[in-house]
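One file, protein_23.csv, carrying CSV, C-alpha atoms:
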chain,number,residue,atom,x,y,z
M,3,TYR,CA,0.0,0.0,0.0
M,4,LYS,CA,1.1,3.5,-0.8
M,5,THR,CA,-1.1,6.3,0.6
M,6,THR,CA,-1.1,10.0,-0.1
M,7,SER,CA,-3.6,12.6,1.1
M,8,GLU,CA,-5.7,11.9,-2.0
M,9,ASN,CA,-5.2,8.3,-3.0
M,10,THR,CA,-4.3,4.8,-1.9
M,11,VAL,CA,-2.4,2.6,-4.4
M,12,THR,CA,-2.9,-1.1,-3.7
M,13,THR,CA,-0.5,-3.7,-5.3
M,14,ILE,CA,-1.2,-7.4,-5.0
M,15,ARG,CA,1.7,-9.6,-6.1
M,16,TYR,CA,1.4,-13.3,-7.0
M,17,LYS,CA,4.2,-16.0,-6.9
M,18,SER,CA,4.2,-18.9,-9.3
M,19,ASN,CA,6.4,-21.9,-10.0
M,20,GLY,CA,8.8,-21.4,-12.8
M,21,SER,CA,8.8,-18.6,-15.4
M,22,VAL,CA,5.2,-18.9,-16.5
M,23,MET,CA,3.0,-16.1,-15.2
M,24,PRO,CA,-0.4,-16.9,-13.8
M,25,LEU,CA,-3.8,-16.2,-15.3
M,26,LEU,CA,-5.5,-13.7,-13.1
M,27,THR,CA,-9.0,-12.1,-13.1
M,28,THR,CA,-9.7,-8.5,-12.2
M,29,LEU,CA,-12.8,-6.8,-10.9
M,30,PRO,CA,-14.1,-3.5,-12.2
M,31,HIS,CA,-12.6,-1.4,-9.3
M,32,GLN,CA,-9.1,-2.9,-10.1
M,33,ARG,CA,-9.0,-1.8,-13.7
M,34,ASN,CA,-8.1,1.9,-13.3
M,35,SER,CA,-4.4,1.2,-13.6
M,36,GLU,CA,-2.2,-0.7,-16.0
M,37,ASN,CA,-2.1,-4.3,-14.7
M,38,GLY,CA,-0.8,-7.0,-16.9
M,39,VAL,CA,1.2,-8.1,-19.9
M,40,SER,CA,-1.7,-9.5,-21.8
M,41,THR,CA,-5.4,-8.9,-21.3
M,42,PHE,CA,-8.4,-10.8,-22.7
M,43,ALA,CA,-11.8,-9.4,-23.7
M,44,SER,CA,-13.5,-12.4,-22.1
M,45,GLY,CA,-14.3,-12.7,-18.4
M,46,ILE,CA,-16.9,-13.8,-15.9
M,47,ASP,CA,-20.1,-12.1,-14.8
M,48,THR,CA,-20.0,-11.5,-11.0
M,49,VAL,CA,-22.0,-9.6,-8.4
M,50,ARG,CA,-19.2,-7.0,-8.6
M,51,GLY,CA,-19.6,-6.6,-12.3
M,52,LYS,CA,-17.8,-8.0,-15.3
M,53,SER,CA,-14.4,-9.6,-14.4
M,54,GLN,CA,-11.6,-9.6,-16.9
M,55,PHE,CA,-8.8,-12.2,-17.4
M,56,LEU,CA,-5.1,-11.1,-17.7
M,57,VAL,CA,-1.7,-12.8,-17.7
M,58,ALA,CA,0.4,-11.0,-15.0
M,59,ASN,CA,2.1,-11.5,-11.7
M,60,SER,CA,0.6,-8.5,-10.0
M,61,ILE,CA,-2.6,-6.3,-9.9
M,62,GLN,CA,-2.3,-2.7,-9.0
M,63,TYR,CA,-5.2,-0.2,-8.6
M,64,THR,CA,-5.8,3.2,-7.1
M,65,THR,CA,-8.6,4.2,-4.7
M,66,LYS,CA,-9.5,7.8,-4.2
M,67,ILE,CA,-9.7,8.8,-0.5
M,68,PRO,CA,-13.1,10.5,0.2
M,69,SER,CA,-13.2,13.9,1.9
M,70,SER,CA,-13.4,13.8,5.6
M,71,GLU,CA,-15.0,17.2,6.0
M,72,LEU,CA,-17.6,17.0,8.8
M,73,ILE,CA,-20.6,18.6,7.2
M,74,LEU,CA,-24.0,17.1,7.0
M,75,SER,CA,-26.5,17.8,4.3
M,76,LYS,CA,-29.4,20.1,5.3
M,77,PRO,CA,-32.9,20.7,3.8
M,78,LYS,CA,-33.1,23.5,1.2
M,79,ILE,CA,-35.1,25.8,3.4
M,80,SER,CA,-34.4,29.3,4.9
M,81,ASP,CA,-31.7,29.5,7.6
M,82,PHE,CA,-34.3,30.6,10.2
M,83,PHE,CA,-36.6,27.7,9.7
M,84,LYS,CA,-33.6,25.3,9.1
M,85,ASN,CA,-32.1,26.1,12.4
M,86,GLU,CA,-35.5,26.3,14.2
M,87,ILE,CA,-36.6,22.9,12.9
M,88,LEU,CA,-33.3,21.2,13.5
M,89,ASN,CA,-32.9,22.6,17.0
M,90,ARG,CA,-36.3,21.3,17.9
M,91,TYR,CA,-35.2,17.8,16.9
M,92,VAL,CA,-31.9,18.3,18.6
M,93,ASP,CA,-33.7,19.0,21.9
M,94,LYS,CA,-35.9,16.0,21.5
M,95,ASP,CA,-33.1,13.6,20.7
M,96,ALA,CA,-30.6,15.0,23.2
M,97,ASP,CA,-32.7,13.9,26.1
M,98,SER,CA,-33.3,10.4,24.7
M,99,ILE,CA,-29.7,9.2,24.1
M,100,SER,CA,-28.4,6.7,26.6
M,101,VAL,CA,-25.1,5.0,25.8
M,102,SER,CA,-25.3,1.3,26.5
M,103,GLY,CA,-22.5,-0.7,28.1
M,104,MET,CA,-22.8,-3.3,25.4
M,105,SER,CA,-20.1,-3.2,22.7
M,106,TYR,CA,-22.4,-3.1,19.6
M,107,ASP,CA,-25.3,-1.1,21.0
M,108,GLY,CA,-23.0,1.2,22.8
M,109,GLY,CA,-21.0,1.9,19.7
M,110,LYS,CA,-24.2,2.7,17.7
M,111,GLU,CA,-25.4,5.1,20.4
M,112,LEU,CA,-22.0,6.9,20.4
M,113,TYR,CA,-22.3,7.2,16.6
M,114,ARG,CA,-25.8,8.7,17.0
M,115,LEU,CA,-24.6,11.1,19.7
M,116,ALA,CA,-21.7,12.2,17.5
M,117,ASN,CA,-24.0,12.9,14.6
M,118,LEU,CA,-26.4,14.8,16.9
M,119,ALA,CA,-23.5,16.9,18.2
M,120,MET,CA,-22.5,17.8,14.6
M,121,VAL,CA,-26.1,18.8,13.8
M,122,ALA,CA,-26.2,20.9,16.9
M,123,HIS,CA,-23.0,22.7,16.1
M,124,GLN,CA,-24.0,23.3,12.5
M,125,SER,CA,-27.5,24.6,13.4
M,126,MET,CA,-26.1,26.7,16.2
M,127,SER,CA,-28.1,24.9,18.9
M,128,PRO,CA,-27.6,26.1,22.4
M,129,ARG,CA,-27.1,22.5,23.4
M,130,ALA,CA,-24.1,21.9,21.1
M,131,ASP,CA,-21.5,22.2,23.8
M,132,GLU,CA,-23.5,20.0,26.1
M,133,LEU,CA,-23.7,17.3,23.6
M,134,THR,CA,-20.0,17.5,22.8
M,135,ALA,CA,-19.2,17.3,26.5
M,136,LYS,CA,-21.5,14.2,26.8
M,137,LEU,CA,-19.8,12.6,23.9
M,138,LYS,CA,-16.4,13.2,25.5
M,139,SER,CA,-17.5,11.8,28.8
M,140,GLU,CA,-18.9,8.6,27.2
M,141,LEU,CA,-15.8,8.1,25.0
M,142,THR,CA,-13.4,8.7,27.8
M,143,ASN,CA,-15.3,6.2,29.9
M,144,TRP,CA,-14.9,3.6,27.2
M,145,LEU,CA,-11.2,4.4,26.6
M,146,THR,CA,-10.2,4.1,30.3
M,147,TYR,CA,-10.6,1.4,33.0
M,148,THR,CA,-11.5,1.7,36.6
M,149,SER,CA,-11.0,-1.3,38.9
M,150,GLY,CA,-14.3,-3.1,39.4
M,151,GLU,CA,-15.9,-1.9,36.2
M,152,LYS,CA,-18.0,-4.5,34.3
M,153,ASP,CA,-18.6,-2.6,31.1
M,154,LYS,CA,-17.5,0.3,28.9
M,155,PHE,CA,-13.8,-0.6,28.5
M,156,PHE,CA,-11.5,-2.5,26.2
M,157,TYR,CA,-9.2,-5.4,27.1
M,158,TYR,CA,-6.5,-7.2,25.2
M,159,ASP,CA,-6.9,-10.9,24.3
M,160,LYS,CA,-3.3,-12.3,24.2
M,161,GLU,CA,-4.4,-15.6,22.5
M,162,ILE,CA,-6.2,-14.1,19.5
M,163,LYS,CA,-4.2,-10.9,19.6
M,164,GLY,CA,-6.8,-8.2,19.7
M,165,LEU,CA,-9.1,-5.9,21.6
M,166,VAL,CA,-12.4,-7.0,23.1
M,167,ALA,CA,-15.0,-4.4,24.2
M,168,ALA,CA,-16.9,-5.2,27.3
M,169,GLU,CA,-19.6,-6.2,27.4
M,170,PRO,CA,-19.2,-8.0,24.1
M,171,GLN,CA,-22.2,-8.6,21.8
M,172,TYR,CA,-22.9,-10.9,18.7
M,173,GLY,CA,-19.6,-12.8,19.1
M,174,SER,CA,-17.4,-9.8,19.2
M,175,ASP,CA,-15.3,-11.6,22.0
M,176,SER,CA,-14.7,-14.2,19.3
M,177,PHE,CA,-13.6,-11.4,17.0
M,178,ASN,CA,-16.7,-11.3,14.8
M,179,ASP,CA,-17.4,-8.0,12.9
M,180,HIS,CA,-14.9,-5.8,14.7
M,181,HIS,CA,-14.5,-3.7,11.6
M,182,PHE,CA,-18.0,-2.2,11.9
M,183,HIS,CA,-18.6,-2.7,15.6
M,184,TYR,CA,-15.5,-0.6,16.4
M,185,GLY,CA,-16.0,1.7,13.4
M,186,TYR,CA,-18.7,3.4,15.5
M,187,PHE,CA,-16.2,4.2,18.2
M,188,ILE,CA,-13.6,5.4,15.7
M,189,TYR,CA,-16.1,7.6,13.9
M,190,ALA,CA,-17.4,9.1,17.2
M,191,ALA,CA,-13.8,9.8,18.3
M,192,ALA,CA,-13.0,11.5,15.0
M,193,VAL,CA,-16.1,13.8,15.3
M,194,LEU,CA,-15.2,14.7,18.9
M,195,GLY,CA,-11.6,15.3,17.9
M,196,HIS,CA,-12.8,17.9,15.3
M,197,TYR,CA,-14.3,20.0,18.2
M,198,ASP,CA,-11.9,19.1,21.0
M,199,THR,CA,-8.2,19.0,20.3
M,200,ASP,CA,-7.4,18.1,23.9
M,201,PHE,CA,-9.2,14.8,23.4
M,202,VAL,CA,-6.9,14.0,20.4
M,203,SER,CA,-3.9,14.8,22.6
M,204,ASP,CA,-5.1,12.7,25.5
M,205,TYR,CA,-6.8,9.7,23.7
M,206,GLY,CA,-5.7,9.8,20.1
M,207,ALA,CA,-3.2,7.0,20.7
M,208,ALA,CA,-5.9,4.8,22.3
M,209,VAL,CA,-8.3,5.3,19.3
M,210,SER,CA,-5.4,4.4,17.0
M,211,ILE,CA,-5.0,1.1,18.8
M,212,ILE,CA,-8.7,0.3,18.2
M,213,GLY,CA,-8.0,1.0,14.5
M,214,LYS,CA,-5.0,-1.4,14.6
M,215,ASP,CA,-7.3,-4.1,15.9
M,216,ILE,CA,-9.2,-3.9,12.6
M,217,ALA,CA,-6.5,-3.5,10.1
M,218,ASP,CA,-2.9,-3.3,11.3
M,219,GLU,CA,0.3,-3.7,9.1
M,220,GLY,CA,1.2,-6.6,11.4
M,221,GLY,CA,3.4,-6.9,14.4
M,222,ASP,CA,3.6,-8.3,17.9
M,223,LEU,CA,0.2,-7.1,19.1
M,224,PHE,CA,-2.1,-7.5,16.1
M,225,PRO,CA,-2.3,-9.7,13.0
M,226,ARG,CA,-1.8,-8.1,9.6
M,227,LEU,CA,-5.1,-6.8,8.2
M,228,ARG,CA,-7.2,-9.3,10.1
M,229,THR,CA,-10.5,-9.4,8.2
M,230,TYR,CA,-9.5,-7.1,5.4
M,231,ASP,CA,-9.6,-8.6,1.9
M,232,ALA,CA,-7.1,-6.8,-0.3
M,233,TYR,CA,-8.4,-8.3,-3.5
M,234,GLU,CA,-12.1,-7.3,-2.8
M,235,GLY,CA,-11.1,-4.0,-1.2
M,236,HIS,CA,-13.1,-4.4,2.0
M,237,SER,CA,-13.4,-6.4,5.2
M,238,TRP,CA,-15.7,-9.4,5.6
Please express the file's structure as structure tokens.
Amino acid sequence: YKTTSENTVTTIRYKSNGSVMPLLTTLPHQRNSENGVSTFASGIDTVRGKSQFLVANSIQYTTKIPSSELILSKPKISDFFKNEILNRYVDKDADSISVSGMSYDGGKELYRLANLAMVAHQSMSPRADELTAKLKSELTNWLTYTSGEKDKFFYYDKEIKGLVAAEPQYGSDSFNDHHFHYGYFIYAAAVLGHYDTDFVSDYGAAVSIIGKDIADEGGDLFPRLRTYDAYEGHSW
């Protein structure tokens, strides 16, 4: 992988016996770069689109990195009514969010709270700072451990080499679906970091470790990529 601020270039290399190169097949998202020595018009219909055969010992493709600007779309109505209507819903939802101590439900509620905080800031809601503070309190709780706690913390499993969020749900303690369970936590932390740079300084390293659980380059603590499929371009 080679990553810039705009693109990620992925190269998949294949080894074969002898000097004869293998016959490979590429998916549509892999055909935006020069890949092989010889290509063939024929291919296979797949759920990803039409594949294409080629003779090569590597596949290389470029993926554009989407913008990370934290702006939500708003209805095309006047600023007065836009903020008035949004703030009414902010007030309603702000009082109803309770972050569970379960790993999946809690992550979803952090994601919801982060989005609500963004809406509150963009609509100039008087509750924007309150929601940001609540998000910080909840995330800080999850990223720290106090003796005797039974939920809202992460621990390291030495046997499987990864993080488990307590209390686990849906097999997450057996490392099922971490890439989207923990994605909620990473997303919420990114939103909070946009408004609170002290949080980044204090807990950015902890959030990065959660990211490494999902897709690390490999090392002593985590396996390389874990559930990420470089050929398909996503995790399973």
Go through M:Ser125, M:Gly164, M:Ser69, M:Leu56 one by one, measure the shortest atom-to-atom distance of each to Gly220 in chain M using only C-alpha atoms, and give the residue with the smallest value.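 Residue with the minimum atom-to-atom distance to Gly220 in chain M: M:Gly164.
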I need the residue nearest Asn19 in chain M from this list: M:Gly235, M:His183, M:Asn59, M:Gln171. Use all atoms listed in the file for the distance.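 So, comparing all the options, the nearest one is M:Asn59.
Distance check against Ala191 in chain M using only C-alpha atoms: of M:Leu112, M:Leu165, M:Ile216, M:Ala135, the minimum falls on M:Leu112.
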Selection as an MDAnalysis selection string: residues within 12 Å of (-13.6, -14.1, 18.1), counting only C-alpha atoms: chainID M and resid 159 161:167 170:180 228:229
Report, in Å with one decimal, the straight-line distance from CA of Val11 in chain M to CA of Arg33 in chain M.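 Separation of CA of Val11 in chain M and CA of Arg33 in chain M: 12.2 Å.
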Computed interatomic separation between CA of Val101 in chain M and CA of Ser127 in chain M (Å):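 Computing it gives 21.3 Å between the two atoms.
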